[in-house]
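File shown: upload.cif. Contents: mmCIF, C-alpha atoms.
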```
data_work
loop_
_atom_site.label_atom_id
_atom_site.label_comp_id
_atom_site.auth_asym_id
_atom_site.auth_seq_id
_atom_site.Cartn_x
_atom_site.Cartn_y
_atom_site.Cartn_z
CA MET R 1 68.36 86.02 97.48
CA LYS R 2 68.23 89.55 96.06
CA ILE R 3 70.89 92.17 96.75
CA LEU R 4 68.37 94.31 98.64
CA LEU R 5 67.75 91.54 101.18
CA LEU R 6 71.43 90.62 101.43
CA LEU R 7 72.43 94.20 102.15
CA CYS R 8 69.60 94.61 104.62
CA LEU R 9 70.74 91.55 106.57
CA CYS R 10 74.38 92.62 106.50
CA LEU R 11 73.58 96.17 107.57
CA CYS R 12 71.35 95.05 110.41
CA PHE R 13 74.07 92.73 111.70
CA ALA R 14 76.81 95.32 111.30
CA SER R 15 74.84 98.03 113.07
CA SER R 16 74.00 95.73 115.97
CA VAL R 17 77.66 94.83 116.52
CA LEU R 18 79.26 98.14 115.56
CA SER R 19 76.91 100.92 116.55
CA PHE R 20 79.24 103.58 115.13
CA VAL R 21 78.80 102.28 111.58
CA THR R 22 75.95 104.29 110.14
CA VAL R 23 73.35 102.51 108.05
CA PRO R 24 73.31 103.62 104.41
CA PRO R 25 70.30 103.98 102.18
CA LEU R 26 69.51 100.55 100.79
CA PHE R 27 70.12 99.95 97.11
CA PRO R 28 66.91 99.65 95.10
CA SER R 29 66.37 96.35 93.36
CA SER R 30 66.53 96.38 89.61
CA SER R 31 65.31 93.97 86.97
CA ARG R 32 67.08 95.73 84.13
CA LYS R 33 69.76 93.94 82.14
CA MET R 34 73.42 94.82 82.45
CA GLU R 35 73.80 95.58 78.76
CA ALA R 36 75.47 98.92 79.43
CA ARG R 37 77.91 97.71 82.10
CA ARG R 38 81.49 98.51 81.24
CA MET R 39 83.74 95.55 80.45
CA ASN R 40 87.13 96.38 81.88
CA THR R 41 89.99 94.33 83.30
CA CYS R 42 91.21 94.75 86.85
CA VAL R 43 93.73 97.53 86.23
CA SER R 44 95.73 99.91 88.38
CA ALA R 45 94.57 103.36 89.28
CA SER R 46 97.69 104.70 87.63
CA SER R 47 96.51 103.37 84.29
CA SER R 48 94.61 105.62 81.93
CA SER R 49 91.22 106.51 83.36
CA SER R 50 89.88 107.90 80.11
CA SER R 51 88.09 104.65 79.26
CA ASN R 52 84.38 104.24 78.77
CA THR R 53 83.50 104.40 82.48
CA LYS R 54 79.78 104.86 83.11
CA LYS R 55 78.97 108.23 84.68
CA ASP R 56 75.35 107.60 85.65
CA TYR R 57 75.57 105.04 88.46
CA ASP R 58 73.37 105.77 91.46
CA PHE R 59 75.36 103.75 93.99
CA ALA R 60 78.77 102.11 94.50
CA LEU R 61 79.52 98.82 96.26
CA LEU R 62 83.25 98.50 97.02
CA PHE R 63 84.85 95.32 98.34
CA ASP R 64 88.10 94.85 100.20
CA CYS R 65 89.86 91.68 99.04
CA ASP R 66 91.63 89.71 101.77
CA GLY R 67 89.29 88.62 104.53
CA VAL R 68 86.25 89.76 102.56
CA ILE R 69 86.22 87.89 99.26
CA LEU R 70 88.43 85.16 100.69
CA GLU R 71 89.18 84.14 104.25
CA THR R 72 92.87 84.81 103.74
CA GLU R 73 94.26 86.58 106.80
CA GLU R 74 95.55 83.35 108.34
CA LEU R 75 97.21 82.54 105.01
CA HIS R 76 98.98 85.90 105.16
CA ARG R 77 100.25 85.13 108.67
CA LEU R 78 101.50 81.70 107.64
CA ALA R 79 103.25 83.19 104.61
CA TYR R 80 104.98 85.86 106.70
CA ASN R 81 106.19 83.29 109.21
CA GLU R 82 107.48 81.00 106.48
CA ALA R 83 109.35 83.92 104.90
CA PHE R 84 110.80 84.88 108.30
CA GLN R 85 111.88 81.29 108.93
CA SER R 86 113.41 80.94 105.48
CA ALA R 87 115.42 84.13 105.99
CA LYS R 88 116.46 82.91 109.48
CA LEU R 89 115.30 86.11 111.15
CA THR R 90 116.23 86.48 114.80
CA ILE R 91 116.14 89.27 117.39
CA ASP R 92 118.25 88.75 120.51
CA GLY R 93 118.65 85.12 119.50
CA GLU R 94 114.90 84.49 119.25
CA PRO R 95 113.23 83.67 115.92
CA VAL R 96 110.75 86.20 114.52
CA ASN R 97 107.28 84.67 114.55
CA TRP R 98 103.82 86.25 114.48
CA SER R 99 101.24 84.46 116.61
CA VAL R 100 97.55 84.32 115.73
CA GLU R 101 96.74 86.75 118.54
CA TYR R 102 99.46 89.21 117.58
CA TYR R 103 98.61 89.16 113.88
CA ASP R 104 94.96 89.88 114.67
CA VAL R 105 96.08 93.05 116.45
CA LEU R 106 98.56 93.89 113.70
CA GLN R 107 96.10 93.58 110.82
CA ASN R 108 93.65 95.81 112.67
CA THR R 109 96.34 98.42 113.29
CA VAL R 110 98.31 98.73 110.06
CA GLY R 111 97.32 98.35 106.40
CA GLY R 112 99.67 96.81 103.82
CA GLY R 113 102.41 94.20 104.12
CA LYS R 114 105.54 96.32 104.24
CA PRO R 115 103.99 98.81 106.71
CA LYS R 116 103.11 95.85 108.96
CA MET R 117 106.75 94.71 109.05
CA PHE R 118 108.05 98.22 109.61
CA PHE R 119 105.52 98.69 112.42
CA HIS R 120 106.64 95.43 114.01
CA PHE R 121 110.35 96.18 113.90
CA ARG R 122 110.09 99.89 114.71
CA THR R 123 107.31 99.80 117.30
CA THR R 124 106.64 96.32 118.69
CA THR R 125 110.34 95.44 119.01
CA GLU R 126 111.21 99.06 119.89
CA GLY R 127 113.44 99.70 116.90
CA LYS R 128 115.22 96.36 116.84
CA PHE R 129 115.54 95.03 113.30
CA PRO R 130 116.38 91.33 112.95
CA MET R 131 119.51 89.54 111.96
CA ALA R 132 118.99 87.57 108.76
CA ASP R 133 120.89 84.31 108.29
CA ASN R 134 123.44 85.49 110.90
CA ASP R 135 124.09 88.75 109.04
CA PRO R 136 124.08 91.83 111.28
CA ALA R 137 120.78 93.63 111.70
CA PRO R 138 120.40 96.51 109.23
CA THR R 139 120.99 99.92 110.77
CA THR R 140 120.47 102.36 107.90
CA PRO R 141 117.05 103.22 106.41
CA GLU R 142 118.28 101.95 103.03
CA ALA R 143 119.38 98.58 104.42
CA GLN R 144 116.18 98.23 106.43
CA GLN R 145 114.09 98.97 103.34
CA ALA R 146 116.06 96.42 101.33
CA LEU R 147 115.39 93.74 103.96
CA ILE R 148 111.67 94.52 104.07
CA ASP R 149 111.45 94.51 100.26
CA LYS R 150 113.15 91.11 100.08
CA LEU R 151 110.93 89.63 102.78
CA GLN R 152 107.77 90.97 101.12
CA GLU R 153 108.75 89.55 97.75
CA HIS R 154 109.33 86.09 99.24
CA LYS R 155 106.20 86.29 101.38
CA THR R 156 104.08 87.16 98.32
CA ALA R 157 105.39 84.13 96.41
CA ILE R 158 104.57 81.87 99.37
CA TYR R 159 101.14 83.44 99.78
CA ARG R 160 100.21 82.88 96.13
CA GLY R 161 100.86 79.18 96.57
CA LEU R 162 98.77 79.04 99.73
CA VAL R 163 95.89 80.82 97.99
CA GLU R 164 95.99 78.29 95.17
CA ASP R 165 95.87 75.36 97.59
CA LYS R 166 93.94 76.48 100.66
CA ALA R 167 91.90 79.63 100.09
CA VAL R 168 88.20 79.45 100.94
CA THR R 169 85.68 81.92 99.50
CA ARG R 170 83.66 83.70 102.16
CA PRO R 171 80.04 82.47 101.94
CA GLY R 172 77.62 84.78 100.16
CA VAL R 173 80.13 87.37 98.93
CA ILE R 174 80.32 86.21 95.32
CA GLU R 175 76.53 85.99 95.16
CA LEU R 176 76.29 89.53 96.52
CA MET R 177 78.80 90.77 93.96
CA ASP R 178 76.96 89.06 91.11
CA GLU R 179 73.64 90.64 92.16
CA ALA R 180 75.30 94.06 92.15
CA LEU R 181 77.04 93.47 88.82
CA ALA R 182 73.68 92.60 87.29
CA ASP R 183 72.22 95.93 88.41
CA PRO R 184 73.14 98.80 86.05
CA THR R 185 72.53 101.37 88.79
CA ILE R 186 75.37 100.03 90.98
CA ALA R 187 79.09 100.47 90.33
CA VAL R 188 81.12 97.55 91.70
CA GLY R 189 84.79 97.57 92.62
CA VAL R 190 87.62 96.00 94.60
CA CYS R 191 89.97 98.13 96.72
CA SER R 192 92.82 96.26 98.39
CA ALA R 193 96.04 97.32 100.11
CA SER R 194 97.61 93.94 99.34
CA THR R 195 100.43 93.80 96.82
CA LYS R 196 99.07 93.75 93.30
CA GLU R 197 100.58 90.35 92.58
CA ALA R 198 98.95 88.78 95.65
CA ALA R 199 95.58 90.49 95.15
CA LEU R 200 95.39 89.54 91.48
CA LYS R 201 96.03 85.93 92.45
CA VAL R 202 93.14 86.04 94.90
CA LEU R 203 90.84 87.64 92.33
CA SER R 204 91.85 85.14 89.67
CA VAL R 205 91.10 82.19 91.95
CA THR R 206 87.79 83.57 93.24
CA LEU R 207 86.25 85.82 90.60
CA GLY R 208 87.59 84.41 87.37
CA GLU R 209 88.40 86.42 84.26
CA ASP R 210 84.85 87.20 83.17
CA ARG R 211 83.77 88.60 86.53
CA GLN R 212 87.00 90.61 86.87
CA LYS R 213 86.32 92.24 83.50
CA GLN R 214 82.92 93.41 84.73
CA LEU R 215 84.36 95.35 87.68
CA ASP R 216 84.00 99.09 87.29
CA VAL R 217 87.07 99.89 89.37
CA CYS R 218 89.93 97.83 90.81
CA ILE R 219 92.65 99.50 92.89
CA LEU R 220 95.41 97.31 94.29
CA GLY R 221 98.71 97.54 96.11
CA ASP R 222 100.68 100.65 95.31
CA ASP R 223 98.08 102.10 92.92
CA VAL R 224 97.62 104.77 95.59
CA SER R 225 100.42 106.31 97.62
CA GLU R 226 98.73 106.00 101.04
CA LYS R 227 97.65 102.76 102.67
CA LYS R 228 94.51 102.24 104.72
CA PRO R 229 93.42 103.71 107.16
CA SER R 230 93.96 106.63 104.79
CA PRO R 231 90.74 107.13 102.80
CA MET R 232 92.72 107.70 99.58
CA ILE R 233 91.91 104.31 98.02
CA TYR R 234 88.14 104.76 98.50
CA ASN R 235 88.17 108.40 97.44
CA GLU R 236 90.01 107.36 94.27
CA ALA R 237 87.50 104.58 93.59
CA ARG R 238 84.57 106.95 93.99
CA GLU R 239 86.08 109.42 91.52
CA ARG R 240 86.81 106.70 88.99
CA VAL R 241 83.16 105.63 88.86
CA GLY R 242 81.92 109.11 88.13
CA GLY R 243 82.09 110.90 91.47
CA ILE R 244 79.09 109.20 93.07
CA ASP R 245 77.99 110.93 96.26
CA LYS R 246 79.91 109.42 99.18
CA ASP R 247 76.63 108.86 101.03
CA ARG R 248 75.66 106.43 98.26
CA CYS R 249 78.85 104.36 98.54
CA VAL R 250 78.94 101.17 100.64
CA VAL R 251 82.21 99.46 101.54
CA VAL R 252 82.53 95.81 102.60
CA GLU R 253 85.51 95.38 104.94
CA ASP R 254 86.83 92.95 107.54
CA SER R 255 89.21 95.01 109.71
CA MET R 256 89.30 98.13 111.82
CA VAL R 257 91.91 99.58 109.46
CA GLY R 258 89.51 99.19 106.54
CA LEU R 259 86.60 100.53 108.59
CA ARG R 260 88.56 103.66 109.46
CA ALA R 261 89.49 104.16 105.80
CA ALA R 262 85.87 103.85 104.67
CA LYS R 263 84.52 106.14 107.39
CA ALA R 264 87.26 108.73 106.72
CA ALA R 265 86.05 108.73 103.11
CA GLY R 266 82.53 109.49 104.38
CA MET R 267 81.16 106.13 103.20
CA LYS R 268 78.97 103.52 104.85
CA CYS R 269 80.80 100.36 105.90
CA ILE R 270 79.76 96.76 106.50
CA ILE R 271 82.16 94.72 108.64
#
```

Could you express the structure from this file as structure tokens?
Amino acid sequence: MKILLLLCLCLCFASSVLSFVTVPPLFPSSSRKMEARRMNTCVSASSSSSSNTKKDYDFALLFDCDGVILETEELHRLAYNEAFQSAKLTIDGEPVNWSVEYYDVLQNTVGGGKPKMFFHFRTTTEGKFPMADNDPAPTTPEAQQALIDKLQEHKTAIYRGLVEDKAVTRPGVIELMDEALADPTIAVGVCSASTKEAALKVLSVTLGEDRQKQLDVCILGDDVSEKKPSPMIYNEARERVGGIDKDRCVVVEDSMVGLRAAKAAGMKCII
């Protein structure tokens, strides 16, 4: 199935479910070879951008990672809960645990792992940080940050193992990406708020080294200073592929946080 048809189907479905997502101009099909496509590894936005990036793309197709390339959100939830259990987190004597229903709300409210935990402990639990292994709950910003950093590091290690063993590629996404990569008029990228270590593991398992090298832009984790729903990650991606008009950029997302980021950047979004 050609990229034109795939995008048409996706856009029709997205617009019927989410009427506020505007339908972008469809990408033209192309039979030209990809001889001029830049070969570049998945690197951070903070790395040198003075490489041989093409400046004459007509369109950009930008993918989120978790929940888009892989059906990974449940793996994230399981990894958080395992990290919480391992650290023996409790609040008022009750263990910290994120249910399926709560995590669905959380992932559609806050982007990034550490911001999710801060949101939970500052907002959901009304400022109550947990005890860890019977140690008193942290009360200073520095101690709270240290706890979150430690939890995120352990969670990421757990998540990488789950991705290796249980991750399932979302049907049709790799085929869509390959069609776009084969078209020299379309810049292709990945923009994820996940930690770089976790996102690179997902990309390694799903895309493989050769496909990663063909990406025109790859922005992960802390490569930008603001998490989704800030549009910074998508604005940065657009600039790095030559400043393509935002009306010619299409984002593939799976959450309301990602949708808000894409729309704030003035781009079309498929959910």

Using 12 Å as the limit and counting all atoms listed in the file, can you tabulate each residue of stretch 50-137 of chain R that touches stretch 163-178 of chain R, with its shortest atom-to-atom distance in Å and the two atoms involved, as CSV?
```
residue,atom,partner,partner_atom,distance
R:Ala60,CA,R:Met177,CA,11.4
R:Leu61,CA,R:Met177,CA,8.4
R:Leu62,CA,R:Met177,CA,9.4
R:Phe63,CA,R:Met177,CA,8.7
R:Asp64,CA,R:Val173,CA,11.0
R:Cys65,CA,R:Arg170,CA,10.6
R:Asp66,CA,R:Arg170,CA,10.0
R:Gly67,CA,R:Arg170,CA,7.8
R:Val68,CA,R:Arg170,CA,6.6
R:Ile69,CA,R:Arg170,CA,5.7
R:Leu70,CA,R:Thr169,CA,4.4
R:Glu71,CA,R:Val168,CA,5.8
R:Thr72,CA,R:Ala167,CA,6.4
R:Glu73,CA,R:Ala167,CA,9.9
R:Glu74,CA,R:Ala167,CA,9.8
R:Leu75,CA,R:Val163,CA,7.3
R:His76,CA,R:Val163,CA,9.3
R:Leu78,CA,R:Val163,CA,11.2
R:Ala79,CA,R:Val163,CA,10.2
```

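Applied to the shown file, the PyMOL selection byres ((chain R and resi 152-158) around 8) selects the residues Ala79, Tyr80, Glu82, Ala83, Gly113, Lys114, Ile148, Asp149, Lys150, Leu151, Tyr159, Arg160, Gly161, Leu162, Thr195, Glu197 and Ala198 of chain R.
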
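In this comparison, which uses all atoms listed in the file, the residue of R:Lys228, R:Arg238, R:Arg260, R:Lys88 approaching R:Ala132 most closely is R:Lys88.
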
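Atom to atom, atom CA of R:Leu200 and atom CA of R:Ala143 stand 28.7 Å apart.
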
Listed atoms of stretch 201-220 of chain R boxed axis-aligned with 3 Å per side, centre + edges as AutoDock Vina command-line options:
```
--center_x 89.5 --center_y 91.0 --center_z 89.0 --size_x 19.1 --size_y 23.7 --size_z 17.7
```

Residues picked by the PyMOL selection byres ((chain R and resi 244) around 10) here, as a CSV table (one decimal) with C-alpha atoms, in the frame of the given file?
```csv
chain,number,residue,atom,x,y,z
R,55,LYS,CA,79.0,108.2,84.7
R,56,ASP,CA,75.4,107.6,85.6
R,57,TYR,CA,75.6,105.0,88.5
R,58,ASP,CA,73.4,105.8,91.5
R,59,PHE,CA,75.4,103.8,94.0
R,60,ALA,CA,78.8,102.1,94.5
R,187,ALA,CA,79.1,100.5,90.3
R,237,ALA,CA,87.5,104.6,93.6
R,238,ARG,CA,84.6,107.0,94.0
R,239,GLU,CA,86.1,109.4,91.5
R,240,ARG,CA,86.8,106.7,89.0
R,241,VAL,CA,83.2,105.6,88.9
R,242,GLY,CA,81.9,109.1,88.1
R,243,GLY,CA,82.1,110.9,91.5
R,245,ASP,CA,78.0,110.9,96.3
R,246,LYS,CA,79.9,109.4,99.2
R,247,ASP,CA,76.6,108.9,101.0
R,248,ARG,CA,75.7,106.4,98.3
R,249,CYS,CA,78.8,104.4,98.5
```

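For the set R:Asn81, R:Asn134, R:Ser255, R:Gln145, the residue with the smallest atom-to-atom gap to R:Gln107 is R:Ser255, counting only C-alpha atoms.
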
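The spacing separating atom CA of R:Val188 from atom CA of R:Gly112 amounts to 22.2 Å.
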
| message | What does the structure give for the distance between atom CA of R:Asp223 and atom CA of R:Gly111, in Å to one decimal? | response | 14.0 Å

| field | Polymer residues at most 10 Å from R:Leu259, all atoms listed in the file, same-chain spacing of 2 or more positions, as number ranges by chain | value | R: 21, 108, 228-229, 231, 251-257, 261-265, 267-271

Just-selected residues, C-alpha atoms written as a CSV table (one decimal), keeping the file's coordinate frame:
```csv
chain,number,residue,atom,x,y,z
R,21,VAL,CA,78.8,102.3,111.6
R,108,ASN,CA,93.6,95.8,112.7
R,228,LYS,CA,94.5,102.2,104.7
R,229,PRO,CA,93.4,103.7,107.2
R,231,PRO,CA,90.7,107.1,102.8
R,251,VAL,CA,82.2,99.5,101.5
R,252,VAL,CA,82.5,95.8,102.6
R,253,GLU,CA,85.5,95.4,104.9
R,254,ASP,CA,86.8,93.0,107.5
R,255,SER,CA,89.2,95.0,109.7
R,256,MET,CA,89.3,98.1,111.8
R,257,VAL,CA,91.9,99.6,109.5
R,261,ALA,CA,89.5,104.2,105.8
R,262,ALA,CA,85.9,103.8,104.7
R,263,LYS,CA,84.5,106.1,107.4
R,264,ALA,CA,87.3,108.7,106.7
R,265,ALA,CA,86.0,108.7,103.1
R,267,MET,CA,81.2,106.1,103.2
R,268,LYS,CA,79.0,103.5,104.8
R,269,CYS,CA,80.8,100.4,105.9
R,270,ILE,CA,79.8,96.8,106.5
R,271,ILE,CA,82.2,94.7,108.6
```

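Distance check against R:Asp133 using all atoms listed in the file: of R:Val110, R:Phe118, R:Leu89, R:Tyr103, the minimum falls on R:Leu89.
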
| field | Nearest-residue call for R:Thr125, choices R:Leu203, R:Ala87, R:Asp92, R:Thr139, using only C-alpha atoms | value | R:Asp92

Please fill the gaps in stretch 219-235 of chain R so it has N, CA, C and O atoms, and write that as a short mmCIF file (atom, residue, chain, number, x, y, z; two decimals), in the frame of the given file.
```
data_model
loop_
_atom_site.label_atom_id
_atom_site.label_comp_id
_atom_site.auth_asym_id
_atom_site.auth_seq_id
_atom_site.Cartn_x
_atom_site.Cartn_y
_atom_site.Cartn_z
N ILE R 219 91.46 98.79 92.44
CA ILE R 219 92.65 99.50 92.89
C ILE R 219 93.40 98.61 93.86
O ILE R 219 92.85 98.20 94.89
N LEU R 220 94.65 98.30 93.53
CA LEU R 220 95.41 97.31 94.29
C LEU R 220 96.79 97.83 94.64
O LEU R 220 97.39 98.62 93.92
N GLY R 221 97.32 97.32 95.76
CA GLY R 221 98.71 97.54 96.11
C GLY R 221 99.12 98.99 96.13
O GLY R 221 98.54 99.82 96.84
N ASP R 222 100.12 99.30 95.33
CA ASP R 222 100.68 100.65 95.31
C ASP R 222 100.02 101.56 94.27
O ASP R 222 100.61 102.56 93.86
N ASP R 223 98.80 101.22 93.86
CA ASP R 223 98.08 102.10 92.92
C ASP R 223 97.79 103.46 93.55
O ASP R 223 97.58 104.44 92.84
N VAL R 224 97.73 103.49 94.87
CA VAL R 224 97.62 104.77 95.59
C VAL R 224 98.80 104.88 96.54
O VAL R 224 99.34 103.86 96.99
N SER R 225 99.20 106.09 96.86
CA SER R 225 100.42 106.31 97.62
C SER R 225 100.24 106.14 99.12
O SER R 225 101.22 106.02 99.86
N GLU R 226 98.99 106.12 99.61
CA GLU R 226 98.73 106.00 101.04
C GLU R 226 97.92 104.75 101.31
O GLU R 226 96.94 104.47 100.62
N LYS R 227 98.34 103.98 102.29
CA LYS R 227 97.65 102.76 102.67
C LYS R 227 96.49 103.07 103.61
O LYS R 227 96.44 104.12 104.25
N LYS R 228 95.55 102.15 103.70
CA LYS R 228 94.51 102.24 104.72
C LYS R 228 95.21 102.30 106.08
O LYS R 228 96.22 101.62 106.27
N PRO R 229 94.74 103.09 107.04
CA PRO R 229 93.42 103.71 107.16
C PRO R 229 93.25 105.05 106.44
O PRO R 229 92.23 105.71 106.67
N SER R 230 94.21 105.46 105.63
CA SER R 230 93.96 106.63 104.79
C SER R 230 92.76 106.35 103.90
O SER R 230 92.62 105.24 103.37
N PRO R 231 91.90 107.34 103.67
CA PRO R 231 90.74 107.13 102.80
C PRO R 231 91.07 107.22 101.32
O PRO R 231 90.17 107.11 100.48
N MET R 232 92.35 107.42 100.96
CA MET R 232 92.72 107.70 99.58
C MET R 232 92.20 106.65 98.61
O MET R 232 91.68 106.97 97.54
N ILE R 233 92.29 105.37 98.96
CA ILE R 233 91.91 104.31 98.02
C ILE R 233 90.41 104.38 97.71
O ILE R 233 89.98 104.19 96.57
N TYR R 234 89.59 104.69 98.72
CA TYR R 234 88.14 104.76 98.50
C TYR R 234 87.74 106.07 97.84
O TYR R 234 86.80 106.09 97.02
N ASN R 235 88.43 107.14 98.15
CA ASN R 235 88.17 108.40 97.44
C ASN R 235 88.50 108.26 95.96
O ASN R 235 87.76 108.76 95.09
#
```
